[in-house]
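*Asks:* Below is the file protein.cif, which contains mmCIF, C-alpha atoms and all ligand atoms.
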```cif
data_query
#
loop_
_atom_site.label_atom_id
_atom_site.label_comp_id
_atom_site.auth_asym_id
_atom_site.auth_seq_id
_atom_site.Cartn_x
_atom_site.Cartn_y
_atom_site.Cartn_z
CA MET A 28 19.26 52.34 3.02
CA ARG A 29 21.18 50.54 0.27
CA ILE A 30 21.96 47.05 1.53
CA LEU A 31 24.27 44.29 0.33
CA LEU A 32 23.59 40.78 1.60
CA LEU A 33 26.36 38.20 1.20
CA GLY A 34 25.60 34.53 0.61
CA SER A 35 23.64 32.19 -1.63
CA GLY A 36 21.66 29.76 0.53
CA GLY A 37 18.24 29.41 2.07
CA ARG A 38 19.37 31.56 4.97
CA GLU A 39 20.12 34.40 2.56
CA HIS A 40 16.86 33.96 0.63
CA ALA A 41 14.94 34.19 3.93
CA LEU A 42 16.97 37.24 5.02
CA ALA A 43 16.49 38.88 1.61
CA TRP A 44 12.74 38.18 1.77
CA LYS A 45 12.50 39.92 5.15
CA ILE A 46 14.92 42.78 4.39
CA SER A 47 13.14 43.60 1.13
CA GLN A 48 9.86 44.12 3.04
CA SER A 49 11.36 46.92 5.11
CA PRO A 50 10.48 50.50 4.17
CA LEU A 51 14.03 51.35 5.30
CA CYS A 52 15.53 49.28 2.49
CA THR A 53 15.67 51.35 -0.69
CA GLN A 54 17.73 48.88 -2.68
CA LEU A 55 18.94 45.35 -2.02
CA PHE A 56 21.89 43.60 -3.64
CA ILE A 57 22.72 39.96 -3.02
CA ALA A 58 26.15 38.50 -3.75
CA PRO A 59 26.05 35.96 -5.21
CA GLY A 60 22.40 35.07 -4.36
CA ASN A 61 20.39 32.30 -6.01
CA ALA A 62 17.37 31.94 -8.29
CA GLY A 63 15.09 32.77 -5.36
CA THR A 64 16.74 36.06 -4.43
CA LEU A 65 16.49 37.32 -8.04
CA SER A 66 12.96 38.61 -7.48
CA LEU A 67 13.90 40.43 -4.25
CA GLY A 68 16.90 42.45 -5.34
CA THR A 69 19.87 42.49 -7.68
CA ASN A 70 22.06 39.39 -7.71
CA CYS A 71 25.76 40.16 -8.23
CA ALA A 72 28.06 37.38 -9.39
CA ILE A 73 30.68 37.91 -6.70
CA ALA A 74 32.01 35.23 -4.33
CA VAL A 75 31.58 35.92 -0.60
CA THR A 76 35.35 35.72 -0.09
CA ASP A 77 36.27 38.06 -2.97
CA PHE A 78 36.77 41.03 -0.65
CA GLU A 79 38.23 43.32 -3.34
CA ALA A 80 35.21 42.84 -5.59
CA ILE A 81 32.84 43.30 -2.64
CA ALA A 82 34.56 46.56 -1.69
CA ALA A 83 34.35 47.77 -5.30
CA LEU A 84 30.63 46.92 -5.39
CA CYS A 85 30.06 48.79 -2.11
CA LEU A 86 31.70 51.86 -3.59
CA SER A 87 30.02 51.74 -6.99
CA GLU A 88 26.54 51.03 -5.58
CA GLN A 89 26.91 53.32 -2.55
CA ILE A 90 26.12 50.49 -0.17
CA GLU A 91 25.40 51.63 3.38
CA MET A 92 25.01 48.28 5.13
CA VAL A 93 26.52 44.86 4.47
CA VAL A 94 24.81 41.84 6.03
CA VAL A 95 27.15 38.85 6.07
CA GLY A 96 25.29 35.52 5.82
CA PRO A 97 27.95 32.78 6.06
CA GLU A 98 30.87 32.37 8.45
CA GLU A 99 33.76 32.06 6.01
CA PRO A 100 34.14 35.76 5.11
CA LEU A 101 33.79 36.71 8.79
CA VAL A 102 36.48 34.29 9.93
CA LYS A 103 38.67 35.58 7.07
CA GLY A 104 38.26 39.16 8.28
CA ILE A 105 35.79 40.82 5.92
CA ARG A 106 34.88 43.38 8.59
CA GLU A 107 38.47 44.55 8.99
CA PHE A 108 39.01 44.53 5.21
CA LEU A 109 35.95 46.64 4.39
CA THR A 110 36.17 49.11 7.27
CA SER A 111 39.79 49.88 6.45
CA TYR A 112 39.06 50.31 2.73
CA LYS A 113 39.33 53.87 1.50
CA GLY A 114 35.85 55.35 1.19
CA LEU A 115 34.12 52.60 3.21
CA GLU A 116 35.03 53.76 6.72
CA SER A 117 31.41 54.44 7.68
CA LEU A 118 29.94 51.25 6.18
CA LYS A 119 27.65 49.40 8.60
CA ILE A 120 28.47 45.71 8.79
CA ILE A 121 26.34 43.01 10.37
CA GLY A 122 28.84 40.36 11.40
CA PRO A 123 31.74 40.35 13.85
CA GLY A 124 35.40 41.03 13.22
CA LYS A 125 37.98 38.29 12.89
CA GLU A 126 38.43 37.89 16.64
CA GLY A 127 34.72 37.60 17.47
CA ALA A 128 34.32 35.16 14.58
CA GLN A 129 36.80 32.89 16.39
CA LEU A 130 33.84 31.81 18.52
CA GLU A 131 32.98 29.72 15.46
CA GLY A 132 36.34 29.64 13.70
CA SER A 133 38.21 27.92 16.52
CA LYS A 134 36.71 25.26 18.79
CA ALA A 135 39.66 25.71 21.14
CA PHE A 136 39.03 29.48 21.33
CA ALA A 137 35.31 28.90 22.02
CA LYS A 138 36.02 26.33 24.73
CA SER A 139 38.54 28.51 26.57
CA PHE A 140 36.17 31.49 26.24
CA MET A 141 33.40 29.45 27.90
CA GLU A 142 35.73 28.16 30.60
CA ARG A 143 37.00 31.67 31.35
CA HIS A 144 33.50 33.10 31.64
CA GLY A 145 31.85 30.23 33.51
CA ILE A 146 29.53 29.28 30.65
CA PRO A 147 28.18 25.70 30.95
CA THR A 148 29.63 23.39 28.29
CA ALA A 149 30.97 19.83 27.98
CA ARG A 150 34.28 19.18 29.82
CA TYR A 151 37.20 19.12 27.41
CA LYS A 152 40.93 19.00 26.82
CA GLU A 153 42.89 20.42 23.93
CA PHE A 154 45.69 18.56 22.13
CA SER A 155 48.06 19.23 19.26
CA VAL A 156 51.21 17.69 17.78
CA GLY A 157 53.12 18.92 20.85
CA ASN A 158 51.16 16.82 23.37
CA TYR A 159 50.03 14.03 21.07
CA GLU A 160 51.14 11.17 23.37
CA GLU A 161 49.36 12.76 26.31
CA GLY A 162 46.24 12.90 24.12
CA VAL A 163 46.51 9.19 23.30
CA ALA A 164 46.74 8.36 27.03
CA TYR A 165 43.80 10.66 27.76
CA LEU A 166 41.64 8.99 25.10
CA LYS A 167 42.42 5.51 26.49
CA GLU A 168 40.98 6.56 29.86
CA HIS A 169 38.06 8.57 28.47
CA PRO A 170 34.49 7.26 28.93
CA LEU A 171 32.50 6.48 25.75
CA PRO A 172 31.31 7.90 23.45
CA ILE A 173 34.14 10.36 22.82
CA VAL A 174 33.64 13.59 20.91
CA LEU A 175 36.58 14.84 18.79
CA LYS A 176 36.50 18.28 17.25
CA ALA A 177 38.99 19.64 14.72
CA ASP A 178 39.86 23.16 15.76
CA GLY A 179 39.09 25.33 12.72
CA LEU A 180 36.28 25.75 10.21
CA ALA A 181 35.65 22.36 8.65
CA ALA A 182 32.34 22.94 6.83
CA GLY A 183 30.41 20.79 9.29
CA LYS A 184 32.80 17.85 8.88
CA GLY A 185 35.14 18.50 11.79
CA VAL A 186 33.26 16.61 14.53
CA LEU A 187 33.62 12.88 15.18
CA ILE A 188 31.46 11.06 17.71
CA CYS A 189 33.33 7.85 18.49
CA GLU A 190 31.55 4.84 19.99
CA ASN A 191 34.77 3.02 20.91
CA THR A 192 38.30 3.93 21.95
CA GLN A 193 39.90 2.42 18.82
CA GLU A 194 37.81 4.63 16.57
CA ALA A 195 38.67 7.66 18.72
CA LEU A 196 42.41 6.89 18.54
CA GLN A 197 42.24 6.52 14.77
CA GLY A 198 40.24 9.74 14.39
CA PHE A 199 42.62 11.59 16.68
CA GLU A 200 45.67 10.38 14.81
CA ALA A 201 44.09 11.26 11.48
CA MET A 202 43.12 14.74 12.65
CA ILE A 203 46.50 15.59 14.14
CA GLN A 204 49.08 13.64 12.17
CA ASP A 205 47.59 13.43 8.72
CA ALA A 206 46.10 16.92 8.85
CA ARG A 207 43.05 15.21 7.40
CA PHE A 208 40.95 18.28 7.97
CA GLY A 209 43.64 20.57 6.63
CA GLU A 210 44.82 23.44 8.75
CA ALA A 211 41.75 22.91 10.91
CA GLY A 212 43.00 19.58 12.25
CA LYS A 213 46.21 20.74 13.83
CA LYS A 214 44.51 21.27 17.19
CA VAL A 215 41.90 18.85 18.47
CA VAL A 216 39.37 19.34 21.24
CA VAL A 217 38.40 16.12 23.05
CA GLU A 218 35.06 16.58 24.69
CA GLN A 219 32.68 14.83 27.05
CA PHE A 220 29.60 13.47 25.25
CA LEU A 221 26.39 15.13 26.40
CA HIS A 222 23.11 13.20 26.29
CA GLY A 223 20.15 15.45 25.67
CA ILE A 224 18.09 17.36 23.13
CA GLU A 225 19.67 19.95 20.85
CA ILE A 226 18.17 23.36 20.23
CA SER A 227 19.44 26.51 18.55
CA VAL A 228 19.15 30.00 20.02
CA PHE A 229 19.89 33.22 18.14
CA VAL A 230 21.15 36.46 19.61
CA LEU A 231 21.57 39.75 17.80
CA THR A 232 24.03 42.01 19.59
CA ASP A 233 25.68 45.40 19.21
CA GLY A 234 28.44 44.24 21.56
CA THR A 235 26.84 45.69 24.69
CA HIS A 236 23.11 45.06 24.40
CA TYR A 237 21.33 42.17 22.76
CA VAL A 238 17.97 40.87 21.65
CA LEU A 239 16.94 37.24 21.59
CA LEU A 240 15.29 35.81 18.51
CA PRO A 241 12.99 32.77 18.72
CA GLU A 242 14.62 29.39 19.31
CA ALA A 243 14.53 26.57 16.75
CA LYS A 244 15.27 22.88 16.44
CA ASP A 245 17.21 21.66 13.43
CA TYR A 246 17.05 18.11 12.02
CA LYS A 247 20.64 17.36 11.05
CA ARG A 248 20.60 13.73 9.95
CA ILE A 249 19.78 12.69 6.38
CA GLY A 250 17.46 9.82 7.35
CA GLU A 251 14.02 9.55 8.89
CA GLY A 252 14.07 9.20 12.68
CA ASP A 253 17.42 11.04 12.85
CA LYS A 254 19.41 8.19 11.28
CA GLY A 255 22.36 8.31 8.91
CA PRO A 256 25.07 10.88 8.26
CA ASN A 257 24.94 14.52 9.31
CA THR A 258 23.88 17.16 6.79
CA GLY A 259 23.69 20.94 6.86
CA GLY A 260 20.12 20.50 8.13
CA MET A 261 17.05 18.78 6.67
CA GLY A 262 14.35 20.88 8.33
CA ALA A 263 13.57 22.95 11.38
CA VAL A 264 10.76 23.98 13.70
CA SER A 265 10.21 27.11 15.79
CA PRO A 266 9.14 27.48 18.54
CA VAL A 267 10.38 24.28 20.18
CA PRO A 268 7.45 22.98 22.26
CA PHE A 269 9.39 21.99 25.40
CA VAL A 270 11.22 25.33 25.73
CA ASP A 271 9.33 27.05 28.54
CA ALA A 272 9.95 30.27 30.45
CA ALA A 273 12.10 28.53 33.07
CA LEU A 274 14.48 27.01 30.49
CA TRP A 275 14.56 30.26 28.52
CA ASP A 276 15.55 32.09 31.69
CA LYS A 277 18.43 29.64 32.34
CA ILE A 278 19.59 30.05 28.74
CA GLU A 279 19.60 33.82 29.06
CA GLN A 280 21.13 34.12 32.54
CA ARG A 281 23.66 31.26 32.38
CA VAL A 282 24.75 31.62 28.77
CA VAL A 283 23.61 34.69 26.84
CA VAL A 284 24.43 37.31 29.48
CA PRO A 285 27.87 35.83 30.31
CA THR A 286 28.63 35.51 26.59
CA ILE A 287 27.95 39.20 25.90
CA ASN A 288 29.75 40.26 29.10
CA GLY A 289 32.62 37.90 28.28
CA LEU A 290 33.12 39.47 24.86
CA GLN A 291 33.24 42.90 26.51
CA GLN A 292 35.62 41.77 29.24
CA ASP A 293 37.91 40.24 26.62
CA GLY A 294 37.82 43.47 24.62
CA ILE A 295 36.18 41.89 21.60
CA PRO A 296 33.74 44.22 19.82
CA TYR A 297 30.89 42.24 18.30
CA CYS A 298 28.10 43.44 16.03
CA GLY A 299 26.00 40.70 14.55
CA PHE A 300 24.35 37.38 15.18
CA ILE A 301 25.50 34.75 17.63
CA PHE A 302 23.97 31.34 17.04
CA ILE A 303 24.28 29.22 20.17
CA GLY A 304 23.86 25.48 19.72
CA PHE A 305 22.65 23.95 22.98
CA MET A 306 22.34 20.49 24.40
CA ILE A 307 19.57 20.52 27.00
CA VAL A 308 20.58 17.94 29.60
CA ALA A 309 17.91 17.14 32.22
CA GLY A 310 16.47 20.66 31.87
CA ASP A 311 19.82 22.47 31.97
CA PRO A 312 21.43 24.22 28.98
CA PHE A 313 25.00 23.36 27.88
CA VAL A 314 26.69 25.04 24.92
CA ILE A 315 27.71 22.64 22.15
CA GLU A 316 28.93 25.32 19.79
CA TYR A 317 28.86 28.99 18.91
CA ASN A 318 28.42 30.24 15.36
CA CYS A 319 29.03 33.83 14.29
CA ARG A 320 26.03 33.89 11.92
CA MET A 321 22.46 32.68 11.62
CA GLY A 322 21.74 28.97 11.08
CA ASP A 323 20.48 27.34 7.92
CA PRO A 324 17.68 26.05 7.83
CA GLU A 325 16.85 27.65 11.21
CA THR A 326 16.73 31.11 9.59
CA GLU A 327 13.91 29.86 7.35
CA VAL A 328 11.68 29.44 10.45
CA VAL A 329 13.09 32.11 12.79
CA ILE A 330 13.09 35.09 10.41
CA PRO A 331 9.53 34.55 9.09
CA ARG A 332 8.32 34.55 12.71
CA LEU A 333 9.68 38.05 13.39
CA ALA A 334 6.75 40.45 13.52
CA THR A 335 9.01 43.46 13.26
CA ASP A 336 11.17 45.36 10.80
CA LEU A 337 14.44 43.44 10.48
CA VAL A 338 16.33 46.35 8.91
CA ALA A 339 15.41 48.59 11.86
CA LEU A 340 16.80 45.91 14.20
CA LEU A 341 19.99 45.47 12.16
CA ASN A 342 20.47 49.23 12.04
CA ALA A 343 20.07 49.39 15.82
CA ALA A 344 22.70 46.66 16.16
CA ALA A 345 25.08 48.51 13.84
CA THR A 346 24.70 51.78 15.74
CA GLY A 347 24.87 50.43 19.31
CA GLN A 348 21.17 50.99 19.97
CA LEU A 349 19.77 47.59 20.82
CA GLN A 350 19.09 48.65 24.39
CA ASN A 351 15.42 48.24 25.40
CA ARG A 352 14.51 46.79 22.01
CA SER A 353 11.90 44.09 22.01
CA VAL A 354 11.35 41.62 19.22
CA PRO A 355 7.68 40.83 18.66
CA VAL A 356 7.15 37.38 17.19
CA ASP A 357 4.33 35.52 15.49
CA SER A 358 3.16 33.03 18.12
CA ARG A 359 2.24 30.39 15.53
CA THR A 360 4.52 27.46 14.78
CA ALA A 361 6.73 27.52 11.71
CA CYS A 362 8.09 24.33 10.18
CA THR A 363 10.48 24.17 7.26
CA VAL A 364 11.12 21.03 5.20
CA VAL A 365 14.28 20.90 3.08
CA ALA A 366 14.50 19.11 -0.28
CA VAL A 367 17.95 17.87 -1.27
CA SER A 368 19.65 16.41 -4.34
CA GLY A 369 19.81 12.61 -4.55
CA GLY A 370 23.11 11.39 -3.06
CA TYR A 371 23.53 14.34 -0.66
CA PRO A 372 25.40 14.63 1.77
CA GLU A 373 27.80 12.62 -0.41
CA GLY A 374 28.19 13.34 -4.15
CA TYR A 375 25.22 14.56 -6.16
CA ALA A 376 24.42 15.89 -9.62
CA LYS A 377 23.44 19.49 -10.37
CA GLY A 378 21.52 21.22 -13.13
CA TYR A 379 18.18 19.37 -12.99
CA PRO A 380 15.16 21.50 -13.96
CA ILE A 381 12.75 22.20 -11.09
CA SER A 382 8.99 22.26 -11.76
CA GLY A 383 6.00 23.07 -9.58
CA LEU A 384 7.33 26.37 -8.25
CA GLU A 385 4.31 28.28 -9.61
CA GLN A 386 1.63 26.38 -7.67
CA PRO A 387 -0.62 28.52 -5.44
CA HIS A 388 -0.23 28.01 -1.67
CA ASP A 389 0.28 29.95 1.56
CA SER A 390 3.76 28.59 2.34
CA LEU A 391 7.10 30.26 1.76
CA VAL A 392 9.55 28.64 -0.65
CA PHE A 393 13.15 29.54 0.09
CA HIS A 394 15.77 28.57 -2.47
CA MET A 395 18.95 27.04 -1.04
CA GLY A 396 20.87 25.62 -3.99
CA THR A 397 19.22 26.82 -7.20
CA ALA A 398 20.30 28.76 -10.26
CA LEU A 399 18.59 30.21 -13.29
CA HIS A 400 19.76 28.50 -16.49
CA GLU A 401 18.34 29.75 -19.80
CA GLY A 402 15.18 30.96 -18.05
CA GLN A 403 14.69 27.69 -16.15
CA VAL A 404 15.24 27.24 -12.40
CA VAL A 405 17.64 24.31 -11.91
CA THR A 406 19.24 22.55 -8.95
CA SER A 407 22.73 23.80 -8.10
CA GLY A 408 23.51 22.45 -4.64
CA GLY A 409 23.10 19.63 -2.16
CA ARG A 410 20.27 21.31 -0.33
CA VAL A 411 17.91 22.72 -2.95
CA LEU A 412 14.74 24.28 -1.47
CA ALA A 413 13.16 24.81 1.94
CA VAL A 414 9.39 25.12 2.29
CA THR A 415 8.20 26.95 5.41
CA SER A 416 4.61 26.87 6.64
CA PHE A 417 2.79 28.35 9.59
CA ALA A 418 0.09 26.66 11.67
CA ASN A 419 -1.07 26.27 15.23
CA SER A 420 0.88 23.06 15.82
CA VAL A 421 4.06 21.40 14.59
CA ALA A 422 2.01 18.60 13.03
CA GLU A 423 -0.13 20.97 10.96
CA ALA A 424 2.78 23.20 9.90
CA ALA A 425 4.84 20.15 8.90
CA ALA A 426 1.91 18.68 6.92
CA LEU A 427 1.47 21.93 4.98
CA SER A 428 5.18 22.07 4.10
CA GLN A 429 5.11 18.41 3.00
CA GLN A 430 2.08 19.08 0.76
CA VAL A 431 3.88 21.91 -1.03
CA GLN A 432 7.13 19.92 -1.30
CA ALA A 433 5.18 17.03 -2.86
CA LYS A 434 4.29 19.25 -5.84
CA ILE A 435 7.80 20.58 -6.43
CA LEU A 436 9.63 18.14 -8.64
CA TYR A 437 13.15 17.50 -9.92
CA LYS A 438 15.13 14.39 -10.69
CA ASP A 439 16.27 12.35 -7.65
CA LYS A 440 14.62 14.72 -5.16
CA TYR A 441 14.64 13.65 -1.50
CA CYS A 442 12.99 15.13 1.62
CA ARG A 443 12.62 13.79 5.11
CA THR A 444 8.91 13.26 5.78
CA ASP A 445 9.23 13.29 9.58
CA ILE A 446 10.45 16.82 10.40
CA GLY A 447 9.08 17.73 13.83
CA TYR A 448 8.14 14.09 14.57
CA GLU A 449 8.80 14.24 18.34
CA PHE A 450 6.28 17.03 18.65
CA CYS A 451 3.48 15.55 16.54
P1 LIG B 501 29.27 20.96 16.10
O1 LIG B 501 29.94 21.09 14.77
O2 LIG B 501 30.10 21.37 17.26
O3 LIG B 501 27.89 21.57 16.09
O4 LIG B 501 28.94 19.41 16.29
C1 LIG B 501 28.17 18.72 15.33
C2 LIG B 501 27.16 17.84 16.04
O5 LIG B 501 27.82 16.88 16.86
C3 LIG B 501 26.28 18.62 17.00
O6 LIG B 501 25.20 19.20 16.35
C4 LIG B 501 25.87 17.53 17.95
O7 LIG B 501 24.81 16.76 17.41
C5 LIG B 501 27.08 16.66 18.02
N1 LIG B 501 27.88 17.02 19.19
C6 LIG B 501 28.88 17.93 19.24
N2 LIG B 501 29.41 18.01 20.48
C7 LIG B 501 28.74 17.11 21.24
C8 LIG B 501 28.84 16.71 22.61
N3 LIG B 501 29.73 17.24 23.43
N4 LIG B 501 27.97 15.77 23.04
C9 LIG B 501 27.07 15.21 22.20
N5 LIG B 501 26.94 15.53 20.91
C10 LIG B 501 27.76 16.47 20.41
N1 LIG B 502 21.81 24.27 10.80
C1 LIG B 502 23.05 24.33 11.42
C2 LIG B 502 23.93 25.40 10.96
O1 LIG B 502 23.54 26.33 10.28
O2 LIG B 502 25.11 25.37 11.31
#
```
Please rewrite the model in this file as structure tokens.
Ligand code: AMP
Ligand code: GLY
*Replies:*
Amino acid sequence: MRILLLGSGGREHALAWKISQSPLCTQLFIAPGNAGTLSLGTNCAIAVTDFEAIAALCLSEQIEMVVVGPEEPLVKGIREFLTSYKGLESLKIIGPGKEGAQLEGSKAFAKSFMERHGIPTARYKEFSVGNYEEGVAYLKEHPLPIVLKADGLAAGKGVLICENTQEALQGFEAMIQDARFGEAGKKVVVEQFLHGIEISVFVLTDGTHYVLLPEAKDYKRIGEGDKGPNTGGMGAVSPVPFVDAALWDKIEQRVVVPTINGLQQDGIPYCGFIFIGFMIVAGDPFVIEYNCRMGDPETEVVIPRLATDLVALLNAAATGQLQNRSVPVDSRTACTVVAVSGGYPEGYAKGYPISGLEQPHDSLVFHMGTALHEGQVVTSGGRVLAVTSFANSVAEAAALSQQVQAKILYKDKYCRTDIGYEFC
């Protein structure tokens, strides 16, 4: 099968690494890819939202399956665009249509979906310019902290956790009145704060059947001990030690099954990944968010643990044949440690040469924000490289990843040294 993978991060490098190992994959193209994906397939300098150029590439390279990494093209309707393009009617696409992608693209859509289908989530109310004053009154009565979520895609910046009412009122006004988050801010979800531990669970579905991939825990804050601003993710572990069979069963029965059934009942076809972000509160799972794609850096621990052919699974998803599929996994622990550019998640410089990539080791190095410049691998993003290692405990896997990271060098490099700390 000739496969095109869309995206350029660590998630896509990990997917490309796994896809390229499949005997079913005869040729792999990555658009746009990064310096890491270069050795696994053909990088094509096409943006993930340039649907015309993607369609042209699919035609000229006789692509049979497109795997969509990030959410933006899905929310913008890449599935509808490609499947209605002359000559691409039979293209297999991993990723939902525009409506299914609303699970991630609109917080208000996701909340009403969960409410309608009895899926446990934080209590909420939705406000917009039309009921602004009602929202202000609601916030004044609301217990602290208050969670505010801008409705649309906001590149991870649409959530405010407010410790006092004043801050919440200011955030609310900014989101609604000033359209601070652009189009995304016109509707705001005000949500109950849930105290607990976050985990991420990944489902691959054909719209009727599903398989569960291993769970992971992401470390979102920039600083050691989970301090400081949120990032895209500074590291991840899988499995998560406290997730036992009883919790897994609650996750599946209370959330995964009603999610798949809910999509069917609502008449929303869905082929692709659903990433469910959970808050586990006193042993019970509550959904914090849905994403219509895999997570990054969670993919860098989840995908390497799959002891099965990913392309065969994706093909089963694309052809409605996920029924009775099992997903064998490596029982060892995987830990990934992300290296970022100095200054991230605020401003940072790009273009610094990276050394130490040739050292021998047993870990996996996934490029996140790298490029090849005159034969030299250089930094080209906030998150630069993820190093994934396997071991029999979180502590050992984390130590191995830290050892490899310590030998990879570029100017102003920063890594958290405590990924997995609660489990060590
Ligand atoms: P989201 O973009 O919805 O994933 O939210 C970003 C982060 O905000 C999450 O990863 C959580 O850490 C936090 N968060 C979101 N909603 C809640 C909530 N209801 N209670 C507590 N924390 C939350
Ligand atoms: N690591 C969180 C995300 O991919 O959204």
*Asks:* Could you give me the residues within 10 Å of ligand LIG 501 (chain B), counting all atoms listed in the file, as number ranges by chain?
*Replies:* A: 131, 134, 148-151, 172-177, 180-188, 217-227, 245-248, 257-260, 303-306, 313-318
*Asks:* Looking at all atoms listed in the file, which of A:Tyr237, A:Phe136, A:Tyr297, A:Phe229 is the one that sits closest to ligand LIG 502 (chain B)?
*Replies:* A:Phe229
*Asks:* Nearest to Ala422 (chain A) among A:Leu55, A:Val264, A:Val329, A:Met202, with distances taken over all atoms listed in the file: which residue is it?
*Replies:*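 Nearest candidate to Ala422 (chain A) out of A:Leu55, A:Val264, A:Val329, A:Met202: A:Val264.
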*Asks:* Compare A:Ile295, A:Leu391, A:Val93, A:Ala413 by their minimum atom-to-atom distance to Ala366 (chain A), counting all atoms listed in the file, and give me the closest one.
*Replies:*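 The shortest atom-to-atom distance to Ala366 (chain A) comes from A:Ala413.
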*Asks:* For CA of Asp357 (chain A) and CA of Ala418 (chain A), determine how far apart the two atoms are, in Å to one decimal place.
*Replies:*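 These two atoms are separated by 10.5 Å.
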*Asks:* Contacts of Val282 (chain A) at 9 Å or less, counting all atoms listed in the file, minus same-chain residues fewer than 5 places along, as JSON, numbers by chain?
*Replies:* {"A": [141, 145, 146, 147, 277, 287, 303, 312, 313, 314]}
*Asks:* A:Leu65, A:Val215, A:Cys298, A:Val404: which is nearest Ala135 (chain A), counting only C-alpha atoms?
*Replies:*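 Closest candidate: A:Val215.
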*Asks:* CA of Ala58 (chain A) and CA of Lys434 (chain A), how far apart in Å?
*Replies:*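 Distance reported for this atom pair: 29.2 Å.
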*Asks:* I need the residue nearest ligand LIG 502 (chain B) from this list: A:Met92, A:Ala243, A:Leu42, A:Ala137. Use only C-alpha atoms and all ligand atoms for the distance.
*Replies:*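 Checking each candidate against ligand LIG 502 (chain B), we get A:Ala243 as the closest.
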*Asks:* Find the residues near Thr286 (chain A): any atom within 9 Å, counting all atoms listed in the file, skip ones fewer than 2 places away on the same chain, and give them as a list in words.
*Replies:* Phe140, Met141, His144, Ile146, Arg281, Val282, Val283, Val284, Asn288, Gly289, Leu290 and Gln291 of chain A
*Asks:* Output region 230-234 of chain A with all heavy atoms present, as a PDB file, keeping the file's coordinate frame.
*Replies:*
```pdb
ATOM      1  N   VAL A 230      21.003  35.180  18.920  1.00  0.00           N
ATOM      2  CA  VAL A 230      21.150  36.460  19.610  1.00  0.00           C
ATOM      3  C   VAL A 230      21.602  37.465  18.558  1.00  0.00           C
ATOM      4  O   VAL A 230      22.461  37.146  17.734  1.00  0.00           O
ATOM      5  CB  VAL A 230      22.246  36.343  20.703  1.00  0.00           C
ATOM      6  CG1 VAL A 230      22.374  37.637  21.480  1.00  0.00           C
ATOM      7  CG2 VAL A 230      21.975  35.166  21.635  1.00  0.00           C
ATOM      8  N   LEU A 231      21.020  38.657  18.605  1.00  0.00           N
ATOM      9  CA  LEU A 231      21.570  39.750  17.800  1.00  0.00           C
ATOM     10  C   LEU A 231      22.135  40.752  18.790  1.00  0.00           C
ATOM     11  O   LEU A 231      21.435  41.176  19.719  1.00  0.00           O
ATOM     12  CB  LEU A 231      20.463  40.398  16.943  1.00  0.00           C
ATOM     13  CG  LEU A 231      20.902  41.635  16.138  1.00  0.00           C
ATOM     14  CD1 LEU A 231      21.927  41.281  15.066  1.00  0.00           C
ATOM     15  CD2 LEU A 231      19.682  42.307  15.474  1.00  0.00           C
ATOM     16  N   THR A 232      23.410  41.108  18.625  1.00  0.00           N
ATOM     17  CA  THR A 232      24.030  42.010  19.590  1.00  0.00           C
ATOM     18  C   THR A 232      24.767  43.156  18.921  1.00  0.00           C
ATOM     19  O   THR A 232      25.239  43.024  17.783  1.00  0.00           O
ATOM     20  CB  THR A 232      24.989  41.240  20.538  1.00  0.00           C
ATOM     21  OG1 THR A 232      25.523  42.149  21.507  1.00  0.00           O
ATOM     22  CG2 THR A 232      26.140  40.588  19.776  1.00  0.00           C
ATOM     23  N   ASP A 233      24.853  44.272  19.664  1.00  0.00           N
ATOM     24  CA  ASP A 233      25.680  45.400  19.210  1.00  0.00           C
ATOM     25  C   ASP A 233      26.998  45.395  19.984  1.00  0.00           C
ATOM     26  O   ASP A 233      27.777  46.333  19.912  1.00  0.00           O
ATOM     27  CB  ASP A 233      24.927  46.725  19.390  1.00  0.00           C
ATOM     28  CG  ASP A 233      24.474  46.970  20.827  1.00  0.00           C
ATOM     29  OD1 ASP A 233      25.042  46.367  21.757  1.00  0.00           O
ATOM     30  OD2 ASP A 233      23.537  47.774  21.022  1.00  0.00           O
ATOM     31  N   GLY A 234      27.202  44.356  20.780  1.00  0.00           N
ATOM     32  CA  GLY A 234      28.440  44.240  21.560  1.00  0.00           C
ATOM     33  C   GLY A 234      28.212  44.569  23.018  1.00  0.00           C
ATOM     34  O   GLY A 234      28.981  44.135  23.881  1.00  0.00           O
TER      35      GLY A 234
END
```
